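Containing mmCIF, C-alpha atoms: work16.cif.
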```
data_input
#
loop_
_atom_site.label_atom_id
_atom_site.label_comp_id
_atom_site.auth_asym_id
_atom_site.auth_seq_id
_atom_site.Cartn_x
_atom_site.Cartn_y
_atom_site.Cartn_z
CA MET S 26 -2.53 27.01 -204.54
CA ARG S 27 -3.98 29.11 -207.37
CA GLN S 28 -2.67 32.66 -207.53
CA ARG S 29 -3.07 35.62 -209.86
CA HIS S 30 0.06 36.26 -211.95
CA VAL S 31 0.95 39.16 -214.21
CA ILE S 32 3.31 37.98 -216.95
CA SER S 33 5.14 40.28 -219.35
CA VAL S 34 6.36 38.92 -222.66
CA LEU S 35 8.72 40.82 -224.96
CA VAL S 36 8.08 39.74 -228.55
CA GLU S 37 9.16 40.61 -232.05
CA ASP S 38 6.71 43.16 -233.41
CA HIS S 39 5.23 41.62 -236.54
CA PRO S 40 1.88 40.24 -237.74
CA ARG S 41 0.42 37.06 -236.24
CA VAL S 42 2.60 37.04 -233.09
CA LEU S 43 -0.35 37.75 -230.83
CA THR S 44 -2.42 35.10 -232.60
CA ARG S 45 0.33 32.50 -232.13
CA ILE S 46 0.62 33.30 -228.43
CA THR S 47 -3.10 33.34 -227.67
CA SER S 48 -3.55 30.13 -229.70
CA MET S 49 -0.87 28.50 -227.56
CA PHE S 50 -2.84 29.48 -224.44
CA ALA S 51 -6.05 28.05 -225.91
CA ARG S 52 -4.43 24.76 -227.02
CA ARG S 53 -3.00 24.22 -223.53
CA GLY S 54 -6.25 25.13 -221.78
CA PHE S 55 -4.79 28.20 -220.05
CA ASN S 56 -7.29 31.01 -219.46
CA ILE S 57 -6.26 34.65 -219.94
CA ASP S 58 -7.98 36.97 -217.45
CA SER S 59 -6.66 40.11 -219.13
CA LEU S 60 -4.40 41.02 -222.01
CA ALA S 61 -2.68 44.26 -223.03
CA VAL S 62 -0.28 44.81 -225.93
CA GLY S 63 1.87 47.75 -226.96
CA ARG S 64 5.15 48.80 -228.50
CA THR S 65 8.20 49.29 -226.30
CA HIS S 66 11.02 51.82 -226.43
CA ILE S 67 12.99 49.24 -228.45
CA PRO S 68 12.25 49.41 -232.20
CA GLY S 69 10.67 46.18 -233.47
CA VAL S 70 9.78 44.92 -229.97
CA SER S 71 6.33 44.82 -228.36
CA ARG S 72 5.33 43.94 -224.84
CA ILE S 73 2.34 41.74 -224.02
CA SER S 74 1.00 41.68 -220.46
CA PHE S 75 -1.14 38.72 -219.43
CA VAL S 76 -3.01 38.15 -216.22
CA VAL S 77 -3.43 34.44 -215.59
CA GLU S 78 -4.47 32.42 -212.58
CA GLY S 79 -2.84 29.18 -211.65
CA ASP S 80 -0.64 27.24 -209.31
CA ASP S 81 3.16 27.31 -209.57
CA ARG S 82 3.22 24.29 -211.89
CA THR S 83 0.70 25.86 -214.29
CA ILE S 84 2.57 29.16 -214.42
CA GLU S 85 5.84 27.32 -215.02
CA GLN S 86 4.18 25.50 -217.96
CA VAL S 87 2.89 28.83 -219.35
CA GLU S 88 6.41 30.27 -219.21
CA LYS S 89 7.98 27.20 -220.84
CA GLN S 90 5.42 27.16 -223.66
CA LEU S 91 5.89 30.89 -224.30
CA ASN S 92 9.68 30.51 -224.41
CA ARG S 93 9.32 27.85 -227.12
CA LEU S 94 7.79 30.34 -229.55
CA ILE S 95 10.43 31.79 -231.87
CA GLU S 96 9.07 35.36 -231.71
CA VAL S 97 9.28 35.45 -227.90
CA LEU S 98 12.37 37.30 -226.69
CA LYS S 99 11.79 37.30 -222.93
CA VAL S 100 9.17 36.12 -220.41
CA VAL S 101 8.87 37.61 -216.91
CA ASP S 102 6.44 36.70 -214.12
CA HIS S 103 6.14 39.84 -211.98
CA GLU S 104 6.21 38.07 -208.62
CA GLY S 105 7.75 40.69 -206.37
CA PRO S 106 6.95 44.33 -205.76
CA ARG S 107 5.45 45.75 -208.92
CA LEU S 108 3.56 48.67 -210.33
CA GLU S 109 0.29 47.49 -211.78
CA ARG S 110 -2.25 49.70 -213.52
CA GLU S 111 -5.37 49.55 -215.67
CA LEU S 112 -7.42 52.13 -217.47
CA ALA S 113 -11.21 51.98 -217.60
CA LEU S 114 -13.90 53.99 -219.33
CA VAL S 115 -17.26 53.80 -217.56
CA LYS S 116 -20.56 55.22 -218.83
CA VAL S 117 -23.20 55.74 -216.13
CA ARG S 118 -26.89 56.66 -216.38
CA VAL S 119 -27.67 59.93 -214.63
CA GLU S 120 -31.04 61.42 -213.75
CA GLY S 121 -31.08 64.89 -212.25
CA ILE S 122 -28.62 67.31 -210.75
CA GLU S 123 -28.37 65.52 -207.39
CA GLU S 124 -27.08 62.35 -209.06
CA ARG S 125 -24.59 64.38 -211.12
CA ILE S 126 -23.22 65.92 -207.92
CA GLU S 127 -23.02 62.52 -206.18
CA LEU S 128 -21.27 60.95 -209.18
CA LYS S 129 -18.82 63.86 -209.37
CA GLU S 130 -17.95 63.34 -205.68
CA ILE S 131 -17.39 59.62 -206.22
CA ALA S 132 -15.18 60.41 -209.23
CA GLU S 133 -13.11 62.85 -207.16
CA ALA S 134 -12.64 60.26 -204.41
CA PHE S 135 -11.22 57.82 -207.00
CA ARG S 136 -9.33 60.51 -208.96
CA ALA S 137 -11.44 59.69 -212.00
CA GLN S 138 -12.05 62.22 -214.75
CA ILE S 139 -15.35 63.00 -216.44
CA VAL S 140 -14.53 62.68 -220.15
CA ASP S 141 -18.01 62.96 -221.67
CA VAL S 142 -21.23 64.60 -220.55
CA ALA S 143 -24.63 63.83 -222.09
CA ARG S 144 -28.16 64.65 -221.02
CA HIS S 145 -28.69 61.29 -219.27
CA ALA S 146 -25.16 59.89 -219.01
CA LEU S 147 -21.67 60.67 -217.73
CA THR S 148 -18.54 58.86 -218.92
CA PHE S 149 -15.58 58.52 -216.58
CA GLU S 150 -11.93 57.66 -217.13
CA VAL S 151 -10.18 56.04 -214.20
CA THR S 152 -6.69 54.58 -213.89
CA GLY S 153 -5.09 52.61 -211.11
CA HIS S 154 -4.62 49.19 -209.62
CA PRO S 155 -7.28 46.72 -210.84
CA ALA S 156 -8.71 46.52 -207.30
CA LYS S 157 -9.25 50.30 -207.30
CA ILE S 158 -11.13 50.06 -210.59
CA ASP S 159 -13.24 47.21 -209.18
CA ARG S 160 -14.15 49.39 -206.18
CA PHE S 161 -14.98 52.33 -208.48
CA LEU S 162 -17.30 50.14 -210.55
CA GLU S 163 -18.92 48.84 -207.38
CA GLU S 164 -19.62 52.41 -206.22
CA LEU S 165 -21.15 53.29 -209.59
CA SER S 166 -23.29 50.15 -209.81
CA ASN S 167 -26.12 51.77 -207.81
CA TYR S 168 -26.47 54.45 -210.48
CA GLY S 169 -26.81 52.15 -213.47
CA VAL S 170 -23.62 51.40 -215.35
CA LEU S 171 -24.45 51.50 -219.05
CA GLU S 172 -21.10 50.44 -220.49
CA THR S 173 -17.52 49.69 -219.41
CA MET S 174 -14.23 49.06 -221.16
CA ARG S 175 -11.00 48.07 -219.39
CA THR S 176 -7.53 47.87 -220.87
CA GLY S 177 -6.23 44.91 -218.93
CA ALA S 178 -3.38 45.04 -216.44
CA LEU S 179 -0.01 46.55 -217.24
CA ALA S 180 2.86 45.79 -214.90
CA MET S 181 6.45 46.77 -214.31
CA ASP S 182 8.80 45.79 -211.50
CA ARG S 183 9.43 48.52 -208.93
CA GLY S 184 12.81 50.14 -208.53
CA GLU S 185 15.73 49.82 -210.89
CA ARG S 186 15.11 46.25 -212.05
CA VAL S 187 14.41 46.12 -215.81
CA ILE S 188 13.66 43.31 -218.22
CA LYS S 189 16.90 42.66 -220.06
CA LEU S 190 16.45 41.54 -223.62
CA ARG S 191 18.39 38.50 -224.70
CA ALA S 192 19.81 38.33 -228.22
CA ARG S 193 17.16 37.84 -230.89
CA ARG S 194 16.83 34.39 -232.38
CA GLU S 195 17.36 34.14 -236.10
CA ALA S 196 14.51 32.63 -238.09
CA VAL S 197 15.46 29.37 -239.76
#
```

Structure re-expressed in C-alpha cells:
Amino acid sequence: MRQRHVISVLVEDHPRVLTRITSMFARRGFNIDSLAVGRTHIPGVSRISFVVEGDDRTIEQVEKQLNRLIEVLKVVDHEGPRLERELALVKVRVEGIEERIELKEIAEAFRAQIVDVARHALTFEVTGHPAKIDRFLEELSNYGVLETMRTGALAMDRGERVIKLRARREAV
C-alpha cells in the first residue's frame, strides 16, 4: 500500500551533494513530492527532508540507495509520532474593504500573518502541518490566489528521540 513518508537525511555540507541525491532519485524513478534543505546545529552537516510516496519496498529501496552515497551520514524515515511543518507565502487578489475584512478573519482562524498589503492584493504567511496549509489555500481559492510558494515539509520525531550521527566516512 502506497503511503506518504517524510525522510530526513543528514549529509556532509558541500557543493553537489543535493544534485547527487536528487539525481539518484531521478535515475531510480522515485518522485519527490517536497524537498527542504538547511544547515544543522552540527558544523559541516546539512539536513535534507524529502516527502515521498510509496509502498514499504519502495521506501526501503530509497533508504538503501541514499545510504550508498558517500556524503550521506544518516537516513531516517519518520514513521512514528512526529512534528511536521511547512511555511507558505500566499498572495491573494482583493477588491474592496469587505473582502479585506473577510480575508483577515480567515487569516486569524489559521493563525496566518499578513506580511504585505497592496492596493489589490494581500500576502499571507502561514506555517503548520501541510494539511493545514492545504485547507488555508482552499479557503482562499474563492478570492483568487495570485501566487503561492511553499517550503516543503520539515519533520522531527516527537519527544526526546534524536537522530544520532554515525562516524563520518573518509573519502577515498

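Proximity of S:Arg110, S:Gln28, S:Ile139, S:His154 to Ala180 (chain S), computed with all atoms listed in the file, is greatest for S:Arg110.
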
Inset, instruction - Could you please determine the separation between CA of Ser33 (chain S) and CA of Glu78 (chain S) in Å, to one decimal place? - result: 14.1 Å

With a cut-off of 9 Å, could you pull out the residues of region 77-141 of chain S touching region 155-169 of chain S and give me the nearest pair of atoms for each, distance in Å to one decimal, using all atoms listed in the file, ordered by chain and ascending number, as a Markdown table?
```
| residue | atom | partner | partner_atom | distance |
| --- | --- | --- | --- | --- |
| S:Glu109 | CA | S:Pro155 | CA | 7.7 |
| S:Arg110 | CA | S:Pro155 | CA | 6.4 |
| S:Glu111 | CA | S:Pro155 | CA | 5.9 |
| S:Leu112 | CA | S:Ile158 | CA | 8.1 |
| S:Ala113 | CA | S:Ile158 | CA | 7.3 |
| S:Val115 | CA | S:Leu162 | CA | 7.9 |
| S:Lys116 | CA | S:Gly169 | CA | 8.8 |
| S:Val117 | CA | S:Gly169 | CA | 5.7 |
| S:Arg118 | CA | S:Gly169 | CA | 5.4 |
| S:Val119 | CA | S:Tyr168 | CA | 7.0 |
| S:Glu120 | CA | S:Tyr168 | CA | 9.0 |
| S:Glu124 | CA | S:Tyr168 | CA | 8.0 |
| S:Leu128 | CA | S:Leu165 | CA | 7.7 |
| S:Ile131 | CA | S:Glu164 | CA | 7.5 |
| S:Ala132 | CA | S:Phe161 | CA | 8.1 |
| S:Phe135 | CA | S:Phe161 | CA | 6.8 |
| S:Ala137 | CA | S:Phe161 | CA | 8.9 |
```

Inset, instruction - Tell me which residues the PyMOL selection byres ((chain S and resi 97) around 7) grabs here, as a list of chain:residue names. - result: S:Val34, S:Leu35, S:Val36, S:Glu37, S:Leu91, S:Asn92, S:Leu94, S:Ile95, S:Glu96, S:Leu98, S:Lys99

For those residues, write C-alpha atoms to a file as a PDB file, keeping the file's coordinate frame.
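Result written to again_8.pdb:
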```
ATOM      1  CA  VAL S  34       6.360  38.920-222.660  1.00  0.00           C
ATOM      2  CA  LEU S  35       8.720  40.820-224.960  1.00  0.00           C
ATOM      3  CA  VAL S  36       8.080  39.740-228.550  1.00  0.00           C
ATOM      4  CA  GLU S  37       9.160  40.610-232.050  1.00  0.00           C
ATOM      5  CA  LEU S  91       5.890  30.890-224.300  1.00  0.00           C
ATOM      6  CA  ASN S  92       9.680  30.510-224.410  1.00  0.00           C
ATOM      7  CA  LEU S  94       7.790  30.340-229.550  1.00  0.00           C
ATOM      8  CA  ILE S  95      10.430  31.790-231.870  1.00  0.00           C
ATOM      9  CA  GLU S  96       9.070  35.360-231.710  1.00  0.00           C
ATOM     10  CA  LEU S  98      12.370  37.300-226.690  1.00  0.00           C
ATOM     11  CA  LYS S  99      11.790  37.300-222.930  1.00  0.00           C
TER      12      LYS S  99
END
```

Inset, instruction - Rounded to one decimal place, report the CA of Arg186 (chain S)-CA of Asp102 (chain S) distance in Å. - result: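 Between CA of Arg186 (chain S) and CA of Asp102 (chain S) the gap works out to 13.1 Å.
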
Inset, instruction - Carefully work through the PyMOL selection byres ((chain S and resi 49) around 12) for this structure and note down the residues it includes, as a ChimeraX atom specification. - result: /S:42-48,50-57,86-94

Legend entry - Shell of 8 Å around Gly69 (chain S), all atoms listed in the file, local chain residues under 2 positions omitted, as an MDAnalysis selection string: chainID S and resid 37:39 64 67 71

Inset, instruction - Would you please work out which residue, of S:Glu130, S:Met174, S:Pro106, S:Ile188, is nearest to Glu150 (chain S) when using only C-alpha atoms? - result: S:Met174
